[in-house]
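Content type compact mmCIF, C-alpha atoms, from the file protein.txt:
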```
# COMPACT_ATOMS: atom_id res chain seq x y z
CA MET G 23 -59.08 242.49 -218.04
CA THR G 24 -56.13 244.78 -218.71
CA THR G 25 -53.94 242.73 -216.40
CA ALA G 26 -54.90 239.55 -218.21
CA LEU G 27 -54.11 241.09 -221.57
CA ARG G 28 -50.71 242.16 -220.34
CA ARG G 29 -49.97 238.59 -219.34
CA TYR G 30 -50.81 237.12 -222.73
CA PRO G 31 -47.48 238.02 -224.44
CA VAL G 32 -45.56 236.36 -221.62
CA LEU G 33 -47.73 233.24 -221.79
CA ILE G 34 -47.39 233.09 -225.56
CA ALA G 35 -43.61 233.41 -225.31
CA LEU G 36 -43.49 230.64 -222.70
CA CYS G 37 -45.67 228.38 -224.86
CA ILE G 38 -43.45 228.97 -227.89
CA ALA G 39 -40.32 228.28 -225.86
CA ALA G 40 -41.84 225.09 -224.45
CA LEU G 41 -42.85 224.04 -227.96
CA PHE G 42 -39.33 224.49 -229.29
CA MET G 43 -37.99 222.37 -226.41
CA VAL G 44 -40.61 219.61 -226.46
CA VAL G 45 -41.04 219.06 -230.21
CA PRO G 46 -37.40 217.99 -230.91
CA PHE G 47 -37.55 215.57 -227.98
CA LEU G 48 -40.80 214.07 -229.27
CA ILE G 49 -39.34 213.67 -232.77
CA VAL G 50 -36.30 211.88 -231.34
CA ALA G 51 -38.50 209.64 -229.17
CA VAL G 52 -40.75 208.71 -232.12
CA ASN G 53 -37.81 207.93 -234.39
CA ALA G 54 -36.14 205.86 -231.67
CA ILE G 55 -39.02 203.36 -231.78
CA LYS G 56 -39.35 203.40 -235.56
CA SER G 57 -37.81 200.75 -237.81
CA PRO G 58 -35.13 201.80 -240.34
CA SER G 59 -37.39 200.87 -243.26
CA GLU G 60 -40.21 203.08 -241.93
CA TYR G 61 -37.76 205.92 -241.43
CA SER G 62 -36.39 205.67 -244.97
CA GLN G 63 -39.83 205.34 -246.56
CA ASN G 64 -41.90 207.85 -244.59
CA GLY G 65 -39.30 210.25 -243.21
CA PRO G 66 -38.56 211.48 -239.66
CA LEU G 67 -41.94 213.20 -239.10
CA SER G 68 -44.15 210.17 -239.68
CA LEU G 69 -45.66 208.10 -236.88
CA PRO G 70 -44.44 204.51 -236.48
CA ASP G 71 -46.73 201.63 -237.39
CA GLY G 72 -45.58 199.65 -234.37
CA LEU G 73 -43.13 199.58 -231.49
CA TYR G 74 -39.62 198.84 -232.76
CA LEU G 75 -37.15 198.45 -229.87
CA ASP G 76 -34.21 196.85 -231.68
CA GLY G 77 -32.50 200.23 -232.04
CA LEU G 78 -32.58 200.79 -228.28
CA LYS G 79 -31.42 197.23 -227.58
CA ASP G 80 -28.59 197.37 -230.14
CA PHE G 81 -27.31 200.68 -228.80
CA TRP G 82 -27.53 199.46 -225.19
CA GLN G 83 -25.50 196.34 -225.97
CA ARG G 84 -23.01 197.98 -228.33
CA VAL G 85 -21.80 200.65 -225.91
CA HIS G 86 -22.51 198.75 -222.66
CA TYR G 87 -24.89 201.52 -221.72
CA GLY G 88 -25.44 200.26 -218.18
CA GLN G 89 -21.78 200.82 -217.32
CA LYS G 90 -21.73 204.22 -219.04
CA LEU G 91 -24.87 205.24 -217.18
CA PHE G 92 -23.32 204.23 -213.85
CA ASN G 93 -20.18 206.24 -214.64
CA SER G 94 -22.16 209.35 -215.58
CA VAL G 95 -24.38 209.15 -212.50
CA LEU G 96 -21.38 208.55 -210.23
CA ILE G 97 -19.34 211.41 -211.69
CA SER G 98 -22.22 213.89 -211.96
CA GLY G 99 -23.61 213.07 -208.51
CA SER G 100 -20.21 213.25 -206.83
CA VAL G 101 -19.38 216.54 -208.51
CA ALA G 102 -22.75 218.04 -207.57
CA VAL G 103 -22.40 217.15 -203.89
CA LEU G 104 -18.69 217.98 -203.52
CA ALA G 105 -18.95 221.23 -205.49
CA ALA G 106 -21.95 222.34 -203.41
CA ILE G 107 -20.09 221.65 -200.15
CA LEU G 108 -16.96 223.42 -201.39
CA SER G 109 -19.04 226.37 -202.59
CA VAL G 110 -20.71 226.68 -199.18
CA LEU G 111 -17.38 226.64 -197.35
CA ASN G 112 -15.79 229.19 -199.69
CA ALA G 113 -18.83 231.46 -199.72
CA TYR G 114 -19.08 231.32 -195.93
CA ALA G 115 -15.51 232.55 -195.62
CA ILE G 116 -15.95 235.23 -198.28
CA GLY G 117 -19.52 236.38 -197.71
CA ILE G 118 -19.79 236.16 -193.93
CA GLY G 119 -16.20 235.83 -192.77
CA ARG G 120 -15.22 238.87 -194.85
CA ILE G 121 -11.69 237.67 -195.56
CA LYS G 122 -9.07 240.16 -196.70
CA GLY G 123 -8.89 240.77 -200.42
CA ARG G 124 -12.48 239.61 -200.89
CA THR G 125 -12.86 241.44 -204.20
CA TRP G 126 -9.72 239.88 -205.66
CA VAL G 127 -10.72 236.42 -204.50
CA LEU G 128 -14.11 236.76 -206.17
CA ALA G 129 -12.42 238.02 -209.33
CA PHE G 130 -10.26 234.88 -209.30
CA PHE G 131 -13.32 232.65 -209.06
CA VAL G 132 -15.00 234.54 -211.91
CA LEU G 133 -11.88 234.11 -214.04
CA ALA G 134 -11.78 230.39 -213.27
CA ASN G 135 -15.43 230.11 -214.29
CA VAL G 136 -15.08 231.85 -217.67
CA LEU G 137 -11.82 230.17 -218.65
CA PRO G 138 -12.48 227.91 -221.68
CA GLN G 139 -11.99 224.21 -221.11
CA GLU G 140 -9.81 223.97 -224.21
CA ALA G 141 -7.18 225.95 -222.31
CA LEU G 142 -7.31 223.45 -219.45
CA VAL G 143 -6.99 220.24 -221.45
CA TYR G 144 -3.19 219.99 -221.68
CA PRO G 145 -2.35 221.13 -218.11
CA ILE G 146 -4.94 218.75 -216.65
CA TYR G 147 -3.78 215.91 -218.92
CA TYR G 148 -0.13 216.47 -217.94
CA LEU G 149 -0.81 216.77 -214.20
CA SER G 150 -3.06 213.72 -214.13
CA LYS G 151 -0.33 211.71 -215.87
CA GLN G 152 2.22 212.85 -213.31
CA VAL G 153 0.13 211.92 -210.26
CA GLY G 154 -1.21 208.68 -211.73
CA LEU G 155 -4.85 209.73 -212.03
CA TYR G 156 -5.14 209.64 -215.80
CA ASP G 157 -8.01 207.52 -217.11
CA THR G 158 -9.71 207.42 -213.72
CA ARG G 159 -13.13 208.72 -212.79
CA LEU G 160 -11.59 210.41 -209.77
CA SER G 161 -9.59 212.76 -211.99
CA VAL G 162 -12.73 213.98 -213.77
CA ILE G 163 -14.56 214.35 -210.45
CA ILE G 164 -11.77 216.52 -209.04
CA VAL G 165 -11.55 218.73 -212.12
CA PHE G 166 -15.28 219.36 -212.45
CA THR G 167 -15.67 219.86 -208.70
CA VAL G 168 -13.23 222.75 -208.89
CA ILE G 169 -14.80 224.19 -212.04
CA GLN G 170 -18.37 224.01 -210.73
CA ALA G 171 -17.37 225.26 -207.28
CA ALA G 172 -15.96 228.40 -208.86
CA PHE G 173 -19.41 229.37 -210.08
CA GLY G 174 -21.09 228.18 -206.87
CA THR G 175 -18.71 230.24 -204.74
CA TYR G 176 -19.38 233.38 -206.74
CA LEU G 177 -23.15 232.93 -206.52
CA LEU G 178 -23.32 231.97 -202.85
CA SER G 179 -20.91 234.72 -201.83
CA SER G 180 -23.34 237.35 -203.07
CA VAL G 181 -26.21 235.59 -201.27
CA LEU G 182 -24.37 235.15 -197.96
CA GLY G 183 -23.04 238.70 -198.18
CA GLN G 184 -26.64 239.85 -197.55
CA PHE G 185 -27.19 237.37 -194.71
CA PRO G 186 -28.70 239.13 -191.62
CA ARG G 187 -25.90 239.88 -189.18
CA GLU G 188 -28.32 239.96 -186.27
CA ILE G 189 -28.98 236.24 -186.57
CA ILE G 190 -25.27 235.42 -186.59
CA GLU G 191 -24.54 237.70 -183.64
CA ALA G 192 -27.41 236.18 -181.66
CA ALA G 193 -26.07 232.68 -182.33
CA ARG G 194 -22.58 233.69 -181.21
CA ILE G 195 -23.96 235.23 -178.02
CA ASP G 196 -25.67 231.89 -177.32
CA GLY G 197 -22.26 230.21 -177.56
CA ALA G 198 -22.28 228.85 -181.12
CA ASN G 199 -18.89 228.58 -182.77
CA LYS G 200 -18.18 229.21 -186.47
CA TRP G 201 -18.96 225.63 -187.55
CA GLN G 202 -22.24 225.59 -185.65
CA VAL G 203 -23.23 228.92 -187.18
CA LEU G 204 -22.48 227.50 -190.62
CA TRP G 205 -24.24 224.13 -190.39
CA ARG G 206 -27.12 225.03 -188.08
CA ILE G 207 -28.02 228.52 -189.29
CA VAL G 208 -26.46 229.49 -192.62
CA VAL G 209 -26.94 226.17 -194.47
CA PRO G 210 -30.61 225.63 -193.47
CA VAL G 211 -31.51 229.20 -194.46
CA SER G 212 -29.59 228.89 -197.76
CA ARG G 213 -30.94 225.41 -198.57
CA PRO G 214 -33.08 226.53 -201.56
CA THR G 215 -30.10 228.18 -203.25
CA ILE G 216 -27.89 225.17 -202.51
CA GLY G 217 -30.58 222.90 -203.99
CA VAL G 218 -30.56 224.92 -207.21
CA LEU G 219 -26.78 224.59 -207.40
CA LEU G 220 -27.00 220.82 -206.91
CA VAL G 221 -29.42 220.49 -209.84
CA PHE G 222 -27.34 222.74 -212.11
CA PHE G 223 -24.05 221.06 -211.18
CA PHE G 224 -25.46 217.61 -211.94
CA ILE G 225 -26.90 218.55 -215.34
CA TRP G 226 -23.86 220.60 -216.39
CA THR G 227 -21.48 217.77 -215.50
CA TRP G 228 -23.72 215.21 -217.21
CA ASN G 229 -23.52 217.15 -220.48
CA GLU G 230 -19.74 217.63 -220.42
CA PHE G 231 -17.92 216.05 -223.34
CA LEU G 232 -14.42 217.46 -224.00
CA LEU G 233 -12.63 216.76 -220.72
CA PRO G 234 -14.17 213.29 -220.23
CA LEU G 235 -13.23 212.47 -223.82
CA VAL G 236 -9.59 213.38 -223.14
CA MET G 237 -9.33 212.02 -219.60
CA LEU G 238 -11.34 208.79 -219.89
CA ILE G 239 -10.01 206.60 -222.68
CA SER G 240 -10.96 203.20 -221.22
CA ASN G 241 -14.28 201.72 -222.19
CA ASP G 242 -15.14 200.96 -218.56
CA ASN G 243 -14.63 204.58 -217.45
CA GLN G 244 -16.37 206.50 -220.23
CA THR G 245 -19.52 208.52 -219.67
CA VAL G 246 -22.74 208.51 -221.69
CA SER G 247 -21.85 211.68 -223.60
CA VAL G 248 -18.45 210.26 -224.61
CA ALA G 249 -20.02 206.96 -225.65
CA LEU G 250 -22.46 208.81 -227.92
CA GLY G 251 -19.69 210.79 -229.59
CA VAL G 252 -17.37 207.82 -230.05
CA LEU G 253 -20.12 205.60 -231.42
CA GLN G 254 -21.21 208.21 -233.95
CA GLY G 255 -17.60 208.48 -235.08
CA GLN G 256 -17.59 204.79 -235.96
CA ARG G 257 -20.18 205.37 -238.72
CA LEU G 258 -21.99 202.16 -237.82
CA MET G 259 -25.35 203.56 -236.79
CA ASP G 260 -28.50 203.97 -238.78
CA ALA G 261 -31.01 206.76 -238.17
CA THR G 262 -33.05 204.65 -235.76
CA MET G 263 -30.05 203.86 -233.58
CA THR G 264 -28.92 207.47 -233.69
CA ASN G 265 -32.24 208.59 -232.28
CA ALA G 266 -32.21 205.76 -229.76
CA ALA G 267 -28.77 206.86 -228.61
CA ALA G 268 -29.92 210.47 -228.30
CA LEU G 269 -33.00 209.41 -226.34
CA LEU G 270 -31.07 207.26 -223.88
CA GLY G 271 -28.46 209.98 -223.55
CA VAL G 272 -30.84 212.76 -222.58
CA LEU G 273 -33.53 210.81 -220.74
CA PRO G 274 -31.68 210.39 -217.39
CA ALA G 275 -30.96 214.13 -217.21
CA ILE G 276 -34.62 214.92 -217.92
CA VAL G 277 -35.75 212.47 -215.23
CA PHE G 278 -33.34 214.03 -212.74
CA PHE G 279 -34.59 217.50 -213.62
CA LEU G 280 -38.23 216.48 -213.21
CA VAL G 281 -37.57 214.78 -209.88
CA PHE G 282 -35.89 217.91 -208.49
CA GLN G 283 -38.14 220.39 -210.27
CA ARG G 284 -39.78 221.49 -207.03
CA THR G 285 -36.38 222.12 -205.47
CA LEU G 286 -35.36 224.22 -208.45
CA THR G 287 -38.63 226.17 -208.49
CA ARG G 288 -38.51 226.79 -204.75
CA GLY G 289 -34.93 228.01 -204.92
CA ILE G 290 -35.64 230.44 -207.76
CA ALA G 291 -38.79 231.71 -206.04
CA VAL G 292 -36.94 232.32 -202.77
CA GLY G 293 -34.19 234.14 -204.64
CA ALA G 294 -36.77 236.33 -206.39
CA VAL G 295 -38.45 237.20 -203.07
CA LYS G 296 -35.14 238.11 -201.51
```
As structure tokens, please, write out the structure in this file.
Amino acid sequence: MTTALRRYPVLIALCIAALFMVVPFLIVAVNAIKSPSEYSQNGPLSLPDGLYLDGLKDFWQRVHYGQKLFNSVLISGSVAVLAAILSVLNAYAIGIGRIKGRTWVLAFFVLANVLPQEALVYPIYYLSKQVGLYDTRLSVIIVFTVIQAAFGTYLLSSVLGQFPREIIEAARIDGANKWQVLWRIVVPVSRPTIGVLLVFFFIWTWNEFLLPLVMLISNDNQTVSVALGVLQGQRLMDATMTNAAALLGVLPAIVFFLVFQRTLTRGIAVGAVK
């Protein structure tokens, strides 16, 4: 009984947190399928009388949402995979290889991770212009791969630094080289942590706005977050379309999170056990 009572505050806090996250999404979803006249007459908290999909259709056609969705998925997915691979390689060299100056290298990655993106805008803009990558999706993929890999390297380095040396030594005695130790032993054991990084990298990149806004000026290269910001700046949307835009902007990220929820939960649980 006492144990159950002690758990109640935690459960209440989790319920309140879930409520604060779910209620705004539900309000946006309801207003996205509500007609402008219903919104103006009854307000944002009223239930719609019917299913009004013109706001979703108008937003989809106005911004060419299919193309923007493809760009966001391509950029976010590429960054997640490339940053995870780069993080594994860097962390393997730092955490297990024990390279010289390990502390200073980690400090560099921490500095790269906390550096504000506003400080990176002009150097990245200038360099991309010089090498001919400006207004290309590849430029954004490269930039965010480096930024996300900085955090991934710092996290995985601490994890691999505690990797059992006995397993590595046994593999080397059996004739495994460094690459075989990495891909056949270290990566499978660290798969839950790498899975968590993949999920975080995808969602973080999906929500990025400043650098894609500066680097992707063509309509065909813009991401969903940039399309939302640009469209709102045109002052052509009513409340229904605004909510429709918000719903279509956040829904893919929520679907991705739900699909990989087990991977995220497993990775956090394994980290807690360790």
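In terms of minimum interatomic distance to Tyr61 of chain G, G:Met263 ranks closest within G:Val181, G:Leu280, G:Met263, G:Ile38, counting all atoms listed in the file.
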Taking all atoms listed in the file into account, which of G:Arg206, G:His86, G:Lys200, G:Arg284 comes nearest Gly119 of chain G?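 Using all atoms listed in the file, Gly119 of chain G sits closest to G:Lys200.
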Selected residue of minimal separation from Gly65 of chain G among G:Thr262, G:Ser247, G:Thr175, G:Gln202, counting only C-alpha atoms: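 For Gly65 of chain G, the nearest of the candidates is G:Thr262.
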Taking all atoms listed in the file into account, name the residue in G:Tyr144, G:Tyr74, G:Phe282, G:Tyr176 that is nearest to Phe224 of chain G.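 Looking only at the distances to Phe224 of chain G, the closest residue turns out to be G:Phe282.
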Within 9 Å of (-27.3, 223.3, -204.9), all atoms listed in the file: residues as a list in words?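 Within 9 Å of (-27.3, 223.3, -204.9), the protein and nucleic acid residues are Ala102, Val103, Ala105, Ala106, Ile107, Gly174, Arg213, Pro214, Thr215, Ile216, Gly217, Val218, Leu219, Leu220, Val221, Phe222, Phe223, Leu286 and Gly289 of chain G.
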Could you build a table of the residues in segment 197-247 of chain G lying no more than 10 Å from segment 152-171 of chain G, giving for each the nearest pair of atoms and their separation in Å rounded to one decimal place, using all atoms listed in the file, ordered by chain and ascending residue number, as a Markdown table?
```
| residue | atom | partner | partner_atom | distance |
| --- | --- | --- | --- | --- |
| G:Leu219 | CA | G:Gln170 | CA | 9.1 |
| G:Leu220 | CA | G:Gln170 | CA | 10.0 |
| G:Phe222 | CA | G:Gln170 | CA | 9.2 |
| G:Phe223 | CA | G:Gln170 | CA | 6.4 |
| G:Phe224 | CA | G:Gln170 | CA | 9.6 |
| G:Trp226 | CA | G:Gln170 | CA | 8.6 |
| G:Thr227 | CA | G:Phe166 | CA | 7.1 |
| G:Glu230 | CA | G:Phe166 | CA | 9.3 |
| G:Leu233 | CA | G:Val162 | CA | 7.5 |
| G:Pro234 | CA | G:Val162 | CA | 6.7 |
| G:Leu235 | CA | G:Asp157 | CA | 9.8 |
| G:Val236 | CA | G:Asp157 | CA | 8.6 |
| G:Met237 | CA | G:Asp157 | CA | 5.3 |
| G:Leu238 | CA | G:Asp157 | CA | 4.5 |
| G:Ile239 | CA | G:Asp157 | CA | 6.0 |
| G:Ser240 | CA | G:Asp157 | CA | 6.7 |
| G:Asn241 | CA | G:Asp157 | CA | 9.9 |
| G:Asp242 | CA | G:Thr158 | CA | 9.7 |
| G:Asn243 | CA | G:Arg159 | CA | 6.4 |
| G:Gln244 | CA | G:Arg159 | CA | 8.4 |
| G:Thr245 | CA | G:Arg159 | CA | 9.4 |
```
Please determine, counting all atoms listed in the file, which residue among G:Val246, G:Ile207, G:Ala134, G:Ile195 has the shortest atom-to-atom distance to Tyr114 of chain G.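 Among the listed residues, G:Ile207 lies closest to Tyr114 of chain G.
Straight-line separation from atom CA of Val52 of chain G to atom CA of Thr264 of chain G: 12.0 Å.
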Will you model N, CA and C atoms for segment 239-269 of chain G and pass it back as a PDB file, in the frame of the given file?
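This went into rebuild.pdb:
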```
ATOM      1  N   ILE G 239     -10.199 207.299-221.404  1.00  0.00           N
ATOM      2  CA  ILE G 239     -10.010 206.600-222.680  1.00  0.00           C
ATOM      3  C   ILE G 239     -10.423 205.136-222.593  1.00  0.00           C
ATOM      4  N   SER G 240     -10.546 204.605-221.373  1.00  0.00           N
ATOM      5  CA  SER G 240     -10.960 203.200-221.220  1.00  0.00           C
ATOM      6  C   SER G 240     -12.463 203.077-221.400  1.00  0.00           C
ATOM      7  N   ASN G 241     -12.853 201.971-221.973  1.00  0.00           N
ATOM      8  CA  ASN G 241     -14.280 201.720-222.190  1.00  0.00           C
ATOM      9  C   ASN G 241     -15.047 201.683-220.880  1.00  0.00           C
ATOM     10  N   ASP G 242     -14.439 201.137-219.830  1.00  0.00           N
ATOM     11  CA  ASP G 242     -15.140 200.960-218.560  1.00  0.00           C
ATOM     12  C   ASP G 242     -15.302 202.268-217.789  1.00  0.00           C
ATOM     13  N   ASN G 243     -14.579 203.316-218.189  1.00  0.00           N
ATOM     14  CA  ASN G 243     -14.630 204.580-217.450  1.00  0.00           C
ATOM     15  C   ASN G 243     -15.386 205.677-218.193  1.00  0.00           C
ATOM     16  N   GLN G 244     -15.750 205.450-219.437  1.00  0.00           N
ATOM     17  CA  GLN G 244     -16.370 206.500-220.230  1.00  0.00           C
ATOM     18  C   GLN G 244     -17.780 206.824-219.757  1.00  0.00           C
ATOM     19  N   THR G 245     -18.181 208.058-220.034  1.00  0.00           N
ATOM     20  CA  THR G 245     -19.520 208.520-219.670  1.00  0.00           C
ATOM     21  C   THR G 245     -20.470 208.354-220.855  1.00  0.00           C
ATOM     22  N   VAL G 246     -21.737 208.647-220.634  1.00  0.00           N
ATOM     23  CA  VAL G 246     -22.740 208.510-221.690  1.00  0.00           C
ATOM     24  C   VAL G 246     -22.455 209.467-222.841  1.00  0.00           C
ATOM     25  N   SER G 247     -22.110 210.711-222.536  1.00  0.00           N
ATOM     26  CA  SER G 247     -21.850 211.680-223.600  1.00  0.00           C
ATOM     27  C   SER G 247     -20.663 211.273-224.456  1.00  0.00           C
ATOM     28  N   VAL G 248     -19.613 210.731-223.846  1.00  0.00           N
ATOM     29  CA  VAL G 248     -18.450 210.260-224.610  1.00  0.00           C
ATOM     30  C   VAL G 248     -18.825 209.055-225.445  1.00  0.00           C
ATOM     31  N   ALA G 249     -19.603 208.139-224.895  1.00  0.00           N
ATOM     32  CA  ALA G 249     -20.020 206.960-225.650  1.00  0.00           C
ATOM     33  C   ALA G 249     -20.819 207.347-226.881  1.00  0.00           C
ATOM     34  N   LEU G 250     -21.676 208.347-226.766  1.00  0.00           N
ATOM     35  CA  LEU G 250     -22.460 208.810-227.920  1.00  0.00           C
ATOM     36  C   LEU G 250     -21.548 209.355-228.999  1.00  0.00           C
ATOM     37  N   GLY G 251     -20.585 210.196-228.605  1.00  0.00           N
ATOM     38  CA  GLY G 251     -19.690 210.790-229.590  1.00  0.00           C
ATOM     39  C   GLY G 251     -18.795 209.776-230.263  1.00  0.00           C
ATOM     40  N   VAL G 252     -18.258 208.837-229.486  1.00  0.00           N
ATOM     41  CA  VAL G 252     -17.370 207.820-230.050  1.00  0.00           C
ATOM     42  C   VAL G 252     -18.135 206.895-230.982  1.00  0.00           C
ATOM     43  N   LEU G 253     -19.338 206.507-230.593  1.00  0.00           N
ATOM     44  CA  LEU G 253     -20.120 205.600-231.420  1.00  0.00           C
ATOM     45  C   LEU G 253     -20.513 206.248-232.738  1.00  0.00           C
ATOM     46  N   GLN G 254     -20.860 207.519-232.716  1.00  0.00           N
ATOM     47  CA  GLN G 254     -21.210 208.210-233.950  1.00  0.00           C
ATOM     48  C   GLN G 254     -19.995 208.325-234.861  1.00  0.00           C
ATOM     49  N   GLY G 255     -18.812 208.403-234.261  1.00  0.00           N
ATOM     50  CA  GLY G 255     -17.600 208.480-235.080  1.00  0.00           C
ATOM     51  C   GLY G 255     -17.278 207.186-235.771  1.00  0.00           C
ATOM     52  N   GLN G 256     -17.852 206.073-235.327  1.00  0.00           N
ATOM     53  CA  GLN G 256     -17.590 204.790-235.960  1.00  0.00           C
ATOM     54  C   GLN G 256     -18.377 204.569-237.252  1.00  0.00           C
ATOM     55  N   ARG G 257     -19.373 205.424-237.492  1.00  0.00           N
ATOM     56  CA  ARG G 257     -20.180 205.370-238.720  1.00  0.00           C
ATOM     57  C   ARG G 257     -20.864 204.004-238.889  1.00  0.00           C
ATOM     58  N   LEU G 258     -21.336 203.466-237.773  1.00  0.00           N
ATOM     59  CA  LEU G 258     -21.990 202.160-237.820  1.00  0.00           C
ATOM     60  C   LEU G 258     -23.456 202.236-237.448  1.00  0.00           C
ATOM     61  N   MET G 259     -23.983 203.419-237.267  1.00  0.00           N
ATOM     62  CA  MET G 259     -25.350 203.560-236.790  1.00  0.00           C
ATOM     63  C   MET G 259     -26.272 204.014-237.904  1.00  0.00           C
ATOM     64  N   ASP G 260     -27.484 203.468-237.895  1.00  0.00           N
ATOM     65  CA  ASP G 260     -28.500 203.970-238.780  1.00  0.00           C
ATOM     66  C   ASP G 260     -29.271 205.078-238.065  1.00  0.00           C
ATOM     67  N   ALA G 261     -30.262 205.637-238.749  1.00  0.00           N
ATOM     68  CA  ALA G 261     -31.010 206.760-238.170  1.00  0.00           C
ATOM     69  C   ALA G 261     -31.756 206.343-236.920  1.00  0.00           C
ATOM     70  N   THR G 262     -32.308 205.123-236.925  1.00  0.00           N
ATOM     71  CA  THR G 262     -33.050 204.650-235.760  1.00  0.00           C
ATOM     72  C   THR G 262     -32.150 204.546-234.535  1.00  0.00           C
ATOM     73  N   MET G 263     -30.962 203.991-234.709  1.00  0.00           N
ATOM     74  CA  MET G 263     -30.050 203.860-233.580  1.00  0.00           C
ATOM     75  C   MET G 263     -29.523 205.209-233.126  1.00  0.00           C
ATOM     76  N   THR G 264     -29.350 206.125-234.066  1.00  0.00           N
ATOM     77  CA  THR G 264     -28.920 207.470-233.690  1.00  0.00           C
ATOM     78  C   THR G 264     -29.931 208.126-232.777  1.00  0.00           C
ATOM     79  N   ASN G 265     -31.197 208.027-233.132  1.00  0.00           N
ATOM     80  CA  ASN G 265     -32.240 208.590-232.280  1.00  0.00           C
ATOM     81  C   ASN G 265     -32.370 207.836-230.963  1.00  0.00           C
ATOM     82  N   ALA G 266     -32.174 206.536-230.999  1.00  0.00           N
ATOM     83  CA  ALA G 266     -32.210 205.760-229.760  1.00  0.00           C
ATOM     84  C   ALA G 266     -31.080 206.180-228.832  1.00  0.00           C
ATOM     85  N   ALA G 267     -29.896 206.412-229.409  1.00  0.00           N
ATOM     86  CA  ALA G 267     -28.770 206.860-228.610  1.00  0.00           C
ATOM     87  C   ALA G 267     -29.037 208.235-228.003  1.00  0.00           C
ATOM     88  N   ALA G 268     -29.599 209.137-228.801  1.00  0.00           N
ATOM     89  CA  ALA G 268     -29.920 210.470-228.300  1.00  0.00           C
ATOM     90  C   ALA G 268     -30.954 210.414-227.186  1.00  0.00           C
ATOM     91  N   LEU G 269     -31.952 209.527-227.353  1.00  0.00           N
ATOM     92  CA  LEU G 269     -33.000 209.410-226.340  1.00  0.00           C
ATOM     93  C   LEU G 269     -32.442 208.877-225.025  1.00  0.00           C
TER      94      LEU G 269
END
```
